$ cat structure17.cif   # mmCIF, C-alpha atoms
data_upload
loop_
_atom_site.group_PDB
_atom_site.id
_atom_site.type_symbol
_atom_site.label_atom_id
_atom_site.label_comp_id
_atom_site.auth_asym_id
_atom_site.auth_seq_id
_atom_site.Cartn_x
_atom_site.Cartn_y
_atom_site.Cartn_z
ATOM 1 C CA MET A 98 31.349 -79.528 2.770
ATOM 2 C CA GLU A 99 27.691 -78.903 1.963
ATOM 3 C CA GLN A 100 26.574 -75.426 0.823
ATOM 4 C CA PRO A 101 23.559 -73.738 2.446
ATOM 5 C CA ALA A 102 20.444 -73.749 0.207
ATOM 6 C CA ALA A 103 20.650 -69.961 -0.312
ATOM 7 C CA CYS A 104 24.187 -70.262 -1.772
ATOM 8 C CA ALA A 105 23.634 -73.395 -3.853
ATOM 9 C CA PRO A 106 23.763 -72.977 -7.630
ATOM 10 C CA PRO A 107 20.442 -73.290 -9.464
ATOM 11 C CA ALA A 108 19.390 -76.715 -10.680
ATOM 12 C CA ALA A 109 20.612 -77.599 -14.161
ATOM 13 C CA SER A 110 17.067 -77.723 -15.579
ATOM 14 C CA THR A 111 16.200 -74.208 -14.373
ATOM 15 C CA PRO A 112 16.515 -71.756 -17.276
ATOM 16 C CA VAL A 113 18.605 -68.680 -16.601
ATOM 17 C CA PRO A 114 16.586 -65.520 -17.357
ATOM 18 C CA VAL A 115 18.175 -63.154 -19.861
ATOM 19 C CA ALA A 116 17.108 -59.498 -19.780
ATOM 20 C CA TRP A 117 17.919 -58.741 -23.429
ATOM 21 C CA SER A 118 18.900 -60.904 -26.330
ATOM 22 C CA VAL A 119 22.430 -60.501 -27.656
ATOM 23 C CA VAL A 120 21.550 -61.702 -31.158
ATOM 24 C CA PRO A 121 18.752 -60.596 -33.482
ATOM 25 C CA VAL A 122 15.443 -62.398 -32.948
ATOM 26 C CA ASP A 123 13.431 -63.595 -35.955
ATOM 27 C CA PHE A 124 9.685 -64.174 -36.057
ATOM 28 C CA THR A 125 7.791 -65.648 -38.996
ATOM 29 C CA VAL A 126 4.481 -63.914 -39.613
ATOM 30 C CA PHE A 127 1.500 -65.479 -41.378
ATOM 31 C CA LYS A 128 -1.058 -62.851 -42.432
ATOM 32 C CA LYS A 129 -4.581 -63.675 -43.525
ATOM 33 C CA GLY A 130 -6.835 -60.648 -43.918
ATOM 34 C CA PRO A 131 -6.599 -58.469 -40.805
ATOM 35 C CA GLU A 132 -5.329 -61.360 -38.676
ATOM 36 C CA MET A 133 -1.700 -62.359 -38.140
ATOM 37 C CA ALA A 134 0.073 -65.200 -36.361
ATOM 38 C CA MET A 135 3.696 -64.637 -35.294
ATOM 39 C CA HIS A 136 5.883 -67.686 -34.659
ATOM 40 C CA ASP A 137 9.343 -67.790 -33.089
ATOM 41 C CA ALA A 138 12.378 -69.553 -34.599
ATOM 42 C CA THR A 139 11.255 -72.917 -33.180
ATOM 43 C CA GLY A 140 7.851 -72.627 -34.882
ATOM 44 C CA ARG A 141 5.886 -72.011 -31.689
ATOM 45 C CA LEU A 142 3.208 -69.334 -31.633
ATOM 46 C CA ALA A 143 4.584 -66.222 -29.911
ATOM 47 C CA PHE A 144 1.993 -63.527 -30.738
ATOM 48 C CA ARG A 145 -1.345 -63.309 -32.508
ATOM 49 C CA VAL A 146 -3.258 -60.353 -33.958
ATOM 50 C CA ALA A 147 -7.066 -60.322 -34.198
ATOM 51 C CA ALA A 148 -9.991 -57.912 -34.090
ATOM 52 C CA CYS A 149 -11.253 -57.579 -30.531
ATOM 53 C CA GLY A 150 -12.766 -54.156 -29.721
ATOM 54 C CA GLY A 151 -10.160 -52.677 -32.068
ATOM 55 C CA THR A 152 -7.097 -54.575 -33.204
ATOM 56 C CA ALA A 153 -5.429 -56.559 -30.433
ATOM 57 C CA LEU A 154 -2.021 -58.174 -29.989
ATOM 58 C CA PHE A 155 -2.295 -61.394 -27.974
ATOM 59 C CA ASP A 156 0.444 -63.480 -26.365
ATOM 60 C CA ALA A 157 0.685 -67.224 -27.056
ATOM 61 C CA ALA A 158 -1.644 -68.021 -24.127
ATOM 62 C CA GLY A 159 -4.377 -65.700 -25.473
ATOM 63 C CA GLY A 160 -3.862 -62.776 -23.077
ATOM 64 C CA VAL A 161 -4.324 -59.299 -24.566
ATOM 65 C CA LEU A 162 -1.023 -57.391 -24.563
ATOM 66 C CA VAL A 163 -1.924 -54.316 -26.640
ATOM 67 C CA THR A 164 -5.160 -52.932 -28.092
ATOM 68 C CA VAL A 165 -4.997 -50.412 -30.964
ATOM 69 C CA ARG A 166 -7.899 -48.098 -31.810
ATOM 70 C CA THR A 167 -8.238 -45.257 -34.256
ATOM 71 C CA ASN A 168 -9.322 -41.816 -33.147
ATOM 72 C CA GLY A 169 -10.866 -41.124 -36.567
ATOM 73 C CA GLN A 170 -8.304 -38.479 -37.536
ATOM 74 C CA GLY A 171 -5.646 -40.690 -39.135
ATOM 75 C CA GLU A 172 -4.072 -41.552 -35.804
ATOM 76 C CA TRP A 173 -4.020 -44.756 -33.798
ATOM 77 C CA GLN A 174 -3.547 -45.138 -30.089
ATOM 78 C CA ALA A 175 -2.072 -48.292 -28.571
ATOM 79 C CA PHE A 176 -3.217 -49.160 -25.057
ATOM 80 C CA SER A 177 -1.817 -51.639 -22.578
ATOM 81 C CA GLY A 178 -4.010 -54.767 -22.401
ATOM 82 C CA ASN A 179 -7.771 -54.249 -22.812
ATOM 83 C CA SER A 180 -7.700 -50.776 -21.297
ATOM 84 C CA LEU A 181 -8.829 -47.768 -23.320
ATOM 85 C CA GLU A 182 -7.945 -45.214 -20.642
ATOM 86 C CA GLN A 183 -5.607 -42.343 -21.540
ATOM 87 C CA ARG A 184 -3.241 -43.234 -18.708
ATOM 88 C CA HIS A 185 -2.616 -46.656 -20.319
ATOM 89 C CA ILE A 186 -1.449 -45.334 -23.709
ATOM 90 C CA ILE A 187 1.739 -47.037 -24.886
ATOM 91 C CA PHE A 188 2.113 -45.045 -28.098
ATOM 92 C CA THR A 189 0.309 -42.962 -30.684
ATOM 93 C CA ALA A 190 0.936 -43.615 -34.382
ATOM 94 C CA LYS A 191 0.258 -41.228 -37.247
ATOM 95 C CA VAL A 192 0.551 -41.853 -40.991
ATOM 96 C CA ILE A 193 2.764 -39.111 -42.419
ATOM 97 C CA SER A 194 2.652 -40.234 -46.042
ATOM 98 C CA ALA A 195 1.125 -43.159 -47.869
ATOM 99 C CA SER A 196 1.129 -44.194 -51.500
ATOM 100 C CA SER A 197 0.782 -47.506 -53.291
ATOM 101 C CA SER A 198 4.535 -48.110 -53.038
ATOM 102 C CA ARG A 199 5.579 -46.364 -49.807
ATOM 103 C CA LYS A 200 4.196 -45.674 -46.347
ATOM 104 C CA GLU A 201 5.679 -43.638 -43.512
ATOM 105 C CA VAL A 202 4.319 -43.758 -39.964
ATOM 106 C CA HIS A 203 5.610 -41.786 -36.983
ATOM 107 C CA VAL A 204 5.200 -43.299 -33.531
ATOM 108 C CA PHE A 205 5.114 -41.105 -30.447
ATOM 109 C CA ILE A 206 5.777 -42.526 -26.977
ATOM 110 C CA PRO A 207 4.063 -40.439 -24.269
ATOM 111 C CA PRO A 208 6.552 -38.220 -22.425
ATOM 112 C CA THR A 209 7.429 -39.119 -18.856
ATOM 113 C CA ASN A 210 7.478 -35.437 -17.950
ATOM 114 C CA SER A 211 6.132 -32.205 -19.416
ATOM 115 C CA PHE A 212 9.603 -30.985 -20.493
ATOM 116 C CA GLU A 213 10.128 -33.606 -23.205
ATOM 117 C CA ASP A 214 9.551 -32.521 -26.799
ATOM 118 C CA SER A 215 6.944 -34.245 -28.906
ATOM 119 C CA LYS A 216 9.087 -35.335 -31.845
ATOM 120 C CA ALA A 217 8.598 -38.882 -33.107
ATOM 121 C CA SER A 218 10.180 -41.616 -30.997
ATOM 122 C CA TYR A 219 10.147 -44.098 -33.903
ATOM 123 C CA ARG A 220 9.756 -43.900 -37.680
ATOM 124 C CA LEU A 221 8.308 -46.794 -39.665
ATOM 125 C CA LEU A 222 9.205 -46.726 -43.365
ATOM 126 C CA GLY A 223 8.283 -49.271 -45.985
ATOM 127 C CA SER A 224 5.753 -50.848 -48.293
ATOM 128 C CA THR A 225 2.732 -52.763 -47.063
ATOM 129 C CA PHE A 226 2.411 -54.463 -50.460
ATOM 130 C CA ARG A 227 5.974 -55.830 -50.288
ATOM 131 C CA ARG A 228 5.673 -56.574 -46.540
ATOM 132 C CA ALA A 229 8.715 -54.391 -46.027
ATOM 133 C CA CYS A 230 9.039 -52.163 -42.987
ATOM 134 C CA THR A 231 12.067 -50.658 -41.284
ATOM 135 C CA ILE A 232 11.604 -49.359 -37.733
ATOM 136 C CA ILE A 233 14.040 -46.587 -36.883
ATOM 137 C CA LYS A 234 14.759 -44.987 -33.504
ATOM 138 C CA GLY A 235 17.009 -41.943 -33.854
ATOM 139 C CA ASP A 236 19.689 -43.050 -36.312
ATOM 140 C CA SER A 237 19.451 -46.776 -35.494
ATOM 141 C CA ILE A 238 17.446 -49.520 -37.150
ATOM 142 C CA ILE A 239 15.777 -51.555 -34.401
ATOM 143 C CA ALA A 240 13.714 -53.965 -36.524
ATOM 144 C CA GLN A 241 12.961 -54.885 -40.119
ATOM 145 C CA THR A 242 10.398 -56.959 -41.972
ATOM 146 C CA ASN A 243 10.733 -58.606 -45.365
ATOM 147 C CA LEU A 244 9.197 -61.350 -47.467
ATOM 148 C CA LEU A 245 10.581 -64.861 -47.113
ATOM 149 C CA TYR A 246 12.500 -65.323 -50.352
ATOM 150 C CA LYS A 247 13.652 -68.757 -51.507
ATOM 151 C CA LEU A 248 16.227 -69.621 -54.129
ATOM 152 C CA LYS A 249 14.866 -70.846 -57.473
ATOM 153 C CA LYS A 250 11.365 -69.627 -56.673
ATOM 154 C CA THR A 251 9.869 -66.943 -58.880
ATOM 155 C CA ILE A 252 6.526 -66.355 -57.138
ATOM 156 C CA TYR A 253 6.475 -65.403 -53.468
ATOM 157 C CA SER A 254 3.560 -65.419 -51.070
ATOM 158 C CA ARG A 255 2.829 -62.054 -49.481
ATOM 159 C CA ARG A 256 1.014 -63.840 -46.653
ATOM 160 C CA LYS A 257 4.260 -65.023 -45.077
ATOM 161 C CA PHE A 258 7.050 -62.664 -44.016
ATOM 162 C CA ARG A 259 9.816 -62.284 -41.443
ATOM 163 C CA VAL A 260 10.283 -59.782 -38.611
ATOM 164 C CA THR A 261 13.867 -59.354 -37.379
ATOM 165 C CA ILE A 262 14.243 -57.523 -34.059
ATOM 166 C CA TYR A 263 17.750 -56.373 -33.220
ATOM 167 C CA PRO A 264 19.229 -56.768 -29.696
ATOM 168 C CA GLY A 265 18.158 -54.455 -26.880
ATOM 169 C CA ASN A 266 14.600 -53.827 -28.093
ATOM 170 C CA ASP A 267 11.222 -54.789 -26.660
ATOM 171 C CA ASN A 268 9.630 -57.565 -28.767
ATOM 172 C CA MET A 269 6.097 -56.668 -27.685
ATOM 173 C CA LEU A 270 6.498 -52.981 -28.574
ATOM 174 C CA VAL A 271 8.007 -53.829 -31.966
ATOM 175 C CA MET A 272 5.236 -56.343 -32.738
ATOM 176 C CA ALA A 273 2.601 -53.768 -31.768
ATOM 177 C CA MET A 274 4.189 -51.272 -34.189
ATOM 178 C CA VAL A 275 4.376 -53.918 -36.934
ATOM 179 C CA MET A 276 0.707 -54.724 -36.307
ATOM 180 C CA THR A 277 -0.198 -51.044 -36.640
ATOM 181 C CA PHE A 278 1.832 -50.663 -39.854
ATOM 182 C CA PHE A 279 0.393 -53.702 -41.668
ATOM 183 C CA VAL A 280 -3.158 -54.041 -40.318
ATOM 184 C CA GLU A 281 -4.395 -50.496 -39.773
ATOM 185 C CA LYS A 282 -5.347 -48.453 -42.842
#

$ encode --input "structure17.cif" --output "C-alpha coordinates"
Amino acid sequence: MEQPAACAPPAASTPVPVAWSVVPVDFTVFKKGPEMAMHDATGRLAFRVAACGGTALFDAAGGVLVTVRTNGQGEWQAFSGNSLEQRHIIFTAKVISASSSRKEVHVFIPPTNSFEDSKASYRLLGSTFRRACTIIKGDSIIAQTNLLYKLKKTIYSRRKFRVTIYPGNDNMLVMAMVMTFFVEK
(Lines of atoms letter the chains of each structure in order from A and count residues from 1; the text may use other names and numbers.)
(Lines give C-alpha, C1' and ligand atoms only; values in the text may rest on other atoms or scores of the structure.)
Protein backbone atom coordinates (compact mmCIF):
# COMPACT_ATOMS: atom_id res chain seq x y z
CA MET A 1 0.00 0.00 0.00
CA GLU A 2 1.35 3.42 -0.95
CA GLN A 3 1.73 6.12 1.74
CA PRO A 4 0.38 9.64 1.14
CA ALA A 5 3.14 12.20 0.41
CA ALA A 6 2.57 13.95 3.77
CA CYS A 7 3.29 10.71 5.68
CA ALA A 8 6.20 9.48 3.56
CA PRO A 9 9.62 9.42 5.23
CA PRO A 10 12.12 12.02 4.02
CA ALA A 11 14.39 11.11 1.13
CA ALA A 12 17.65 9.46 2.16
CA SER A 13 19.75 12.37 0.85
CA THR A 14 17.86 14.97 2.90
CA PRO A 15 19.88 15.84 6.02
CA VAL A 16 17.99 15.66 9.29
CA PRO A 17 18.28 18.99 11.17
CA VAL A 18 19.68 18.74 14.68
CA ALA A 19 18.85 21.54 17.13
CA TRP A 20 21.91 21.07 19.35
CA SER A 21 25.02 19.00 19.02
CA VAL A 22 25.43 16.12 21.47
CA VAL A 23 29.23 16.11 21.24
CA PRO A 24 31.70 18.97 21.60
CA VAL A 25 32.36 20.90 18.39
CA ASP A 26 35.93 21.88 17.46
CA PHE A 27 36.95 24.79 15.25
CA THR A 28 40.51 25.52 14.14
CA VAL A 29 41.31 29.22 14.19
CA PHE A 30 44.01 30.89 12.10
CA LYS A 31 44.83 34.39 13.38
CA LYS A 32 46.81 36.94 11.41
CA GLY A 33 46.84 40.41 12.94
CA PRO A 34 43.28 41.46 13.79
CA GLU A 35 41.78 38.98 11.32
CA MET A 36 40.79 35.38 12.04
CA ALA A 37 39.51 32.47 9.97
CA MET A 38 37.60 29.71 11.79
CA HIS A 39 37.36 26.29 10.12
CA ASP A 40 35.19 23.34 11.15
CA ALA A 41 36.46 19.77 11.66
CA THR A 42 36.25 19.06 7.91
CA GLY A 43 38.48 22.05 7.10
CA ARG A 44 35.72 24.19 5.61
CA LEU A 45 35.51 27.87 6.50
CA ALA A 46 32.77 28.36 9.12
CA PHE A 47 33.37 31.93 10.36
CA ARG A 48 35.67 34.83 9.55
CA VAL A 49 36.64 37.92 11.54
CA ALA A 50 37.65 41.19 9.85
CA ALA A 51 37.51 44.94 10.39
CA CYS A 52 34.34 46.35 8.87
CA GLY A 53 32.98 49.44 10.68
CA GLY A 54 34.25 47.87 13.90
CA THR A 55 35.19 44.22 14.18
CA ALA A 56 32.77 41.89 12.43
CA LEU A 57 32.07 38.16 12.57
CA PHE A 58 31.09 36.82 9.15
CA ASP A 59 29.56 33.47 8.20
CA ALA A 60 31.16 31.31 5.50
CA ALA A 61 29.10 33.02 2.77
CA GLY A 62 30.31 36.50 3.82
CA GLY A 63 27.17 37.66 5.64
CA VAL A 64 27.74 39.78 8.75
CA LEU A 65 26.55 37.94 11.87
CA VAL A 66 27.87 40.20 14.64
CA THR A 67 29.54 43.63 14.73
CA VAL A 68 31.54 44.66 17.82
CA ARG A 69 32.32 48.30 18.62
CA THR A 70 33.94 49.95 21.59
CA ASN A 71 32.20 52.69 23.51
CA GLY A 72 35.56 54.23 24.49
CA GLN A 73 35.24 53.35 28.18
CA GLY A 74 36.78 49.87 28.17
CA GLU A 75 33.55 48.22 27.10
CA TRP A 76 32.50 46.61 23.84
CA GLN A 77 29.01 46.17 22.51
CA ALA A 78 28.12 43.35 20.13
CA PHE A 79 25.28 44.03 17.71
CA SER A 80 23.31 41.67 15.52
CA GLY A 81 24.43 41.94 11.87
CA ASN A 82 25.46 45.41 10.65
CA SER A 83 23.10 47.20 13.01
CA LEU A 84 24.44 49.63 15.60
CA GLU A 85 21.05 50.30 17.21
CA GLN A 86 20.65 49.74 20.95
CA ARG A 87 17.73 47.38 20.40
CA HIS A 88 20.03 45.01 18.45
CA ILE A 89 22.62 44.55 21.21
CA ILE A 90 23.52 40.89 21.72
CA PHE A 91 25.94 41.46 24.60
CA THR A 92 28.19 43.96 26.31
CA ALA A 93 31.72 42.93 27.31
CA LYS A 94 33.92 44.62 29.89
CA VAL A 95 37.55 43.88 30.78
CA ILE A 96 37.71 43.34 34.53
CA SER A 97 41.44 42.70 34.78
CA ALA A 98 44.26 42.42 32.28
CA SER A 99 47.95 41.73 32.66
CA SER A 100 50.59 40.25 30.39
CA SER A 101 49.73 36.73 31.59
CA ARG A 102 46.01 36.88 32.43
CA LYS A 103 42.86 38.57 31.18
CA GLU A 104 39.34 38.47 32.59
CA VAL A 105 36.31 39.72 30.66
CA HIS A 106 32.71 39.76 31.88
CA VAL A 107 29.95 39.48 29.30
CA PHE A 108 26.48 40.81 30.02
CA ILE A 109 23.46 39.66 28.01
CA PRO A 110 20.71 42.32 27.99
CA PRO A 111 17.86 41.41 30.36
CA THR A 112 14.56 40.35 28.85
CA ASN A 113 12.72 42.24 31.57
CA SER A 114 13.52 45.00 34.06
CA PHE A 115 13.49 42.61 37.06
CA GLU A 116 16.63 40.69 36.08
CA ASP A 117 19.84 41.59 37.89
CA SER A 118 22.83 42.84 35.96
CA LYS A 119 25.44 40.32 37.07
CA ALA A 120 27.67 38.86 34.37
CA SER A 121 26.09 36.19 32.18
CA TYR A 122 29.49 34.82 31.11
CA ARG A 123 33.07 35.09 32.35
CA LEU A 124 36.01 34.75 29.97
CA LEU A 125 39.29 33.86 31.69
CA GLY A 126 42.63 33.23 30.06
CA SER A 127 45.74 34.48 28.35
CA THR A 128 45.72 36.14 24.95
CA PHE A 129 49.44 35.39 24.55
CA ARG A 130 48.90 31.65 25.06
CA ARG A 131 45.63 31.68 23.06
CA ALA A 132 43.94 30.22 26.10
CA CYS A 133 40.42 31.22 27.06
CA THR A 134 37.79 29.48 29.15
CA ILE A 135 34.19 30.70 28.80
CA ILE A 136 32.15 30.07 31.92
CA LYS A 137 28.39 30.43 32.44
CA GLY A 138 27.45 30.05 36.10
CA ASP A 139 29.50 27.08 37.29
CA SER A 140 29.77 25.40 33.86
CA ILE A 141 32.48 25.64 31.23
CA ILE A 142 30.78 26.13 27.87
CA ALA A 143 33.84 26.57 25.64
CA GLN A 144 37.63 26.59 25.73
CA THR A 145 40.46 27.63 23.45
CA ASN A 146 44.02 26.35 23.40
CA LEU A 147 47.05 26.17 21.14
CA LEU A 148 47.36 23.19 18.82
CA TYR A 149 50.13 21.17 20.43
CA LYS A 150 51.90 18.37 18.56
CA LEU A 151 54.06 15.60 19.96
CA LYS A 152 57.82 15.99 19.43
CA LYS A 153 57.47 19.65 18.50
CA THR A 154 59.14 22.22 20.72
CA ILE A 155 58.04 25.46 19.03
CA TYR A 156 54.34 26.15 18.56
CA SER A 157 52.69 28.74 16.36
CA ARG A 158 50.45 31.17 18.23
CA ARG A 159 48.64 31.93 14.97
CA LYS A 160 46.80 28.61 15.01
CA PHE A 161 44.59 27.48 17.90
CA ARG A 162 41.50 25.41 18.66
CA VAL A 163 38.07 26.42 19.97
CA THR A 164 36.05 23.63 21.60
CA ILE A 165 32.36 24.39 22.16
CA TYR A 166 30.54 22.02 24.48
CA PRO A 167 27.02 20.70 23.68
CA GLY A 168 23.97 22.93 24.11
CA ASN A 169 25.69 26.24 23.35
CA ASP A 170 25.29 28.70 20.49
CA ASN A 171 28.34 28.55 18.18
CA MET A 172 27.82 32.08 16.87
CA LEU A 173 27.59 33.60 20.36
CA VAL A 174 30.70 31.72 21.52
CA MET A 175 32.67 32.77 18.42
CA ALA A 176 31.62 36.39 18.95
CA MET A 177 32.90 36.21 22.54
CA VAL A 178 36.15 34.57 21.39
CA MET A 179 36.54 37.33 18.79
CA THR A 180 36.06 39.98 21.47
CA PHE A 181 38.56 38.30 23.82
CA PHE A 182 41.38 37.89 21.27
CA VAL A 183 40.93 40.81 18.86
CA GLU A 184 39.73 43.72 20.98
CA LYS A 185 42.27 45.46 23.22

$ atom_distance --input "structure17.cif" --atom1 "atom CA of Lys257 of chain A" --atom2 "atom CA of Asn243 of chain A"
9.1 Å

$ resolve_selection --input "structure17.cif" --expression "the PyMOL selection byres ((chain A and resi 219) around 6)" --output "CSV table (one decimal) with C-alpha atoms, keeping the file's coordinate frame"
chain,number,residue,atom,x,y,z
A,203,HIS,CA,5.6,-41.8,-37.0
A,204,VAL,CA,5.2,-43.3,-33.5
A,217,ALA,CA,8.6,-38.9,-33.1
A,218,SER,CA,10.2,-41.6,-31.0
A,220,ARG,CA,9.8,-43.9,-37.7
A,233,ILE,CA,14.0,-46.6,-36.9
A,234,LYS,CA,14.8,-45.0,-33.5

$ residues_around --input "structure17.cif" --residues "Leu270 of chain A" --least-positions-apart "4" --cutoff "9 Å" --atoms "only C-alpha atoms" --output "list in words"
Val163, Ile187, Asn266, Met274 and Val275 of chain A

$ resolve_selection --input "structure17.cif" --expression "the PyMOL selection byres ((chain A and resi 229) around 9)" --output "PyMOL selection string"
chain A and resi 222-228+230-231+241-244+258

$ write_last_selection --input "structure17.cif" --atoms "C-alpha atoms" --output "PDB file, in the frame of the given file"
ATOM      1  CA  LEU A 222       9.205 -46.726 -43.365  1.00  0.00           C
ATOM      2  CA  GLY A 223       8.283 -49.271 -45.985  1.00  0.00           C
ATOM      3  CA  SER A 224       5.753 -50.848 -48.293  1.00  0.00           C
ATOM      4  CA  THR A 225       2.732 -52.763 -47.063  1.00  0.00           C
ATOM      5  CA  PHE A 226       2.411 -54.463 -50.460  1.00  0.00           C
ATOM      6  CA  ARG A 227       5.974 -55.830 -50.288  1.00  0.00           C
ATOM      7  CA  ARG A 228       5.673 -56.574 -46.540  1.00  0.00           C
ATOM      8  CA  CYS A 230       9.039 -52.163 -42.987  1.00  0.00           C
ATOM      9  CA  THR A 231      12.067 -50.658 -41.284  1.00  0.00           C
ATOM     10  CA  GLN A 241      12.961 -54.885 -40.119  1.00  0.00           C
ATOM     11  CA  THR A 242      10.398 -56.959 -41.972  1.00  0.00           C
ATOM     12  CA  ASN A 243      10.733 -58.606 -45.365  1.00  0.00           C
ATOM     13  CA  LEU A 244       9.197 -61.350 -47.467  1.00  0.00           C
ATOM     14  CA  PHE A 258       7.050 -62.664 -44.016  1.00  0.00           C
TER      15      PHE A 258
END

$ atom_distance --input "structure17.cif" --atom1 "atom CA of Met272 of chain A" --atom2 "atom CA of Ala143 of chain A"
10.3 Å

$ closest_residue --input "structure17.cif" --among "A:Ala147, A:Ala134, A:Val260, A:Val161" --to "Ile232 of chain A" --atoms "only C-alpha atoms"
A:Val260

$ resolve_selection --input "structure17.cif" --expression "the PyMOL selection byres ((chain A and resi 165-181) around 7)" --output "MDAnalysis selection string"
chainID A and resid 151:153 161:164 182:183 185:192

$ residues_around --input "structure17.cif" --residues "Arg256 of chain A" --least-positions-apart "4" --cutoff "8 Å" --atoms "only C-alpha atoms" --output "ChimeraX atom specification"
/A:126-129

$ atom_distance --input "structure17.cif" --atom1 "atom CA of Pro131 of chain A" --atom2 "atom CA of Val271 of chain A"
17.7 Å

$ closest_residue --input "structure17.cif" --among "A:Ala273, A:Val280, A:Ile262, A:Val146" --to "Val120 of chain A" --atoms "only C-alpha atoms"
A:Ile262

$ closest_residue --input "structure17.cif" --among "A:Ala195, A:Ile239, A:Phe124, A:Pro207" --to "Pro264 of chain A" --atoms "all atoms listed in the file"
A:Ile239

$ closest_residue --input "structure17.cif" --among "A:Pro208, A:Ala240, A:Tyr246, A:Met276" --to "Asp123 of chain A" --atoms "only C-alpha atoms"
A:Ala240

$ closest_residue --input "structure17.cif" --among "A:Asp137, A:Leu221, A:Glu132, A:Ile206" --to "Cys149 of chain A" --atoms "all atoms listed in the file"
A:Glu132
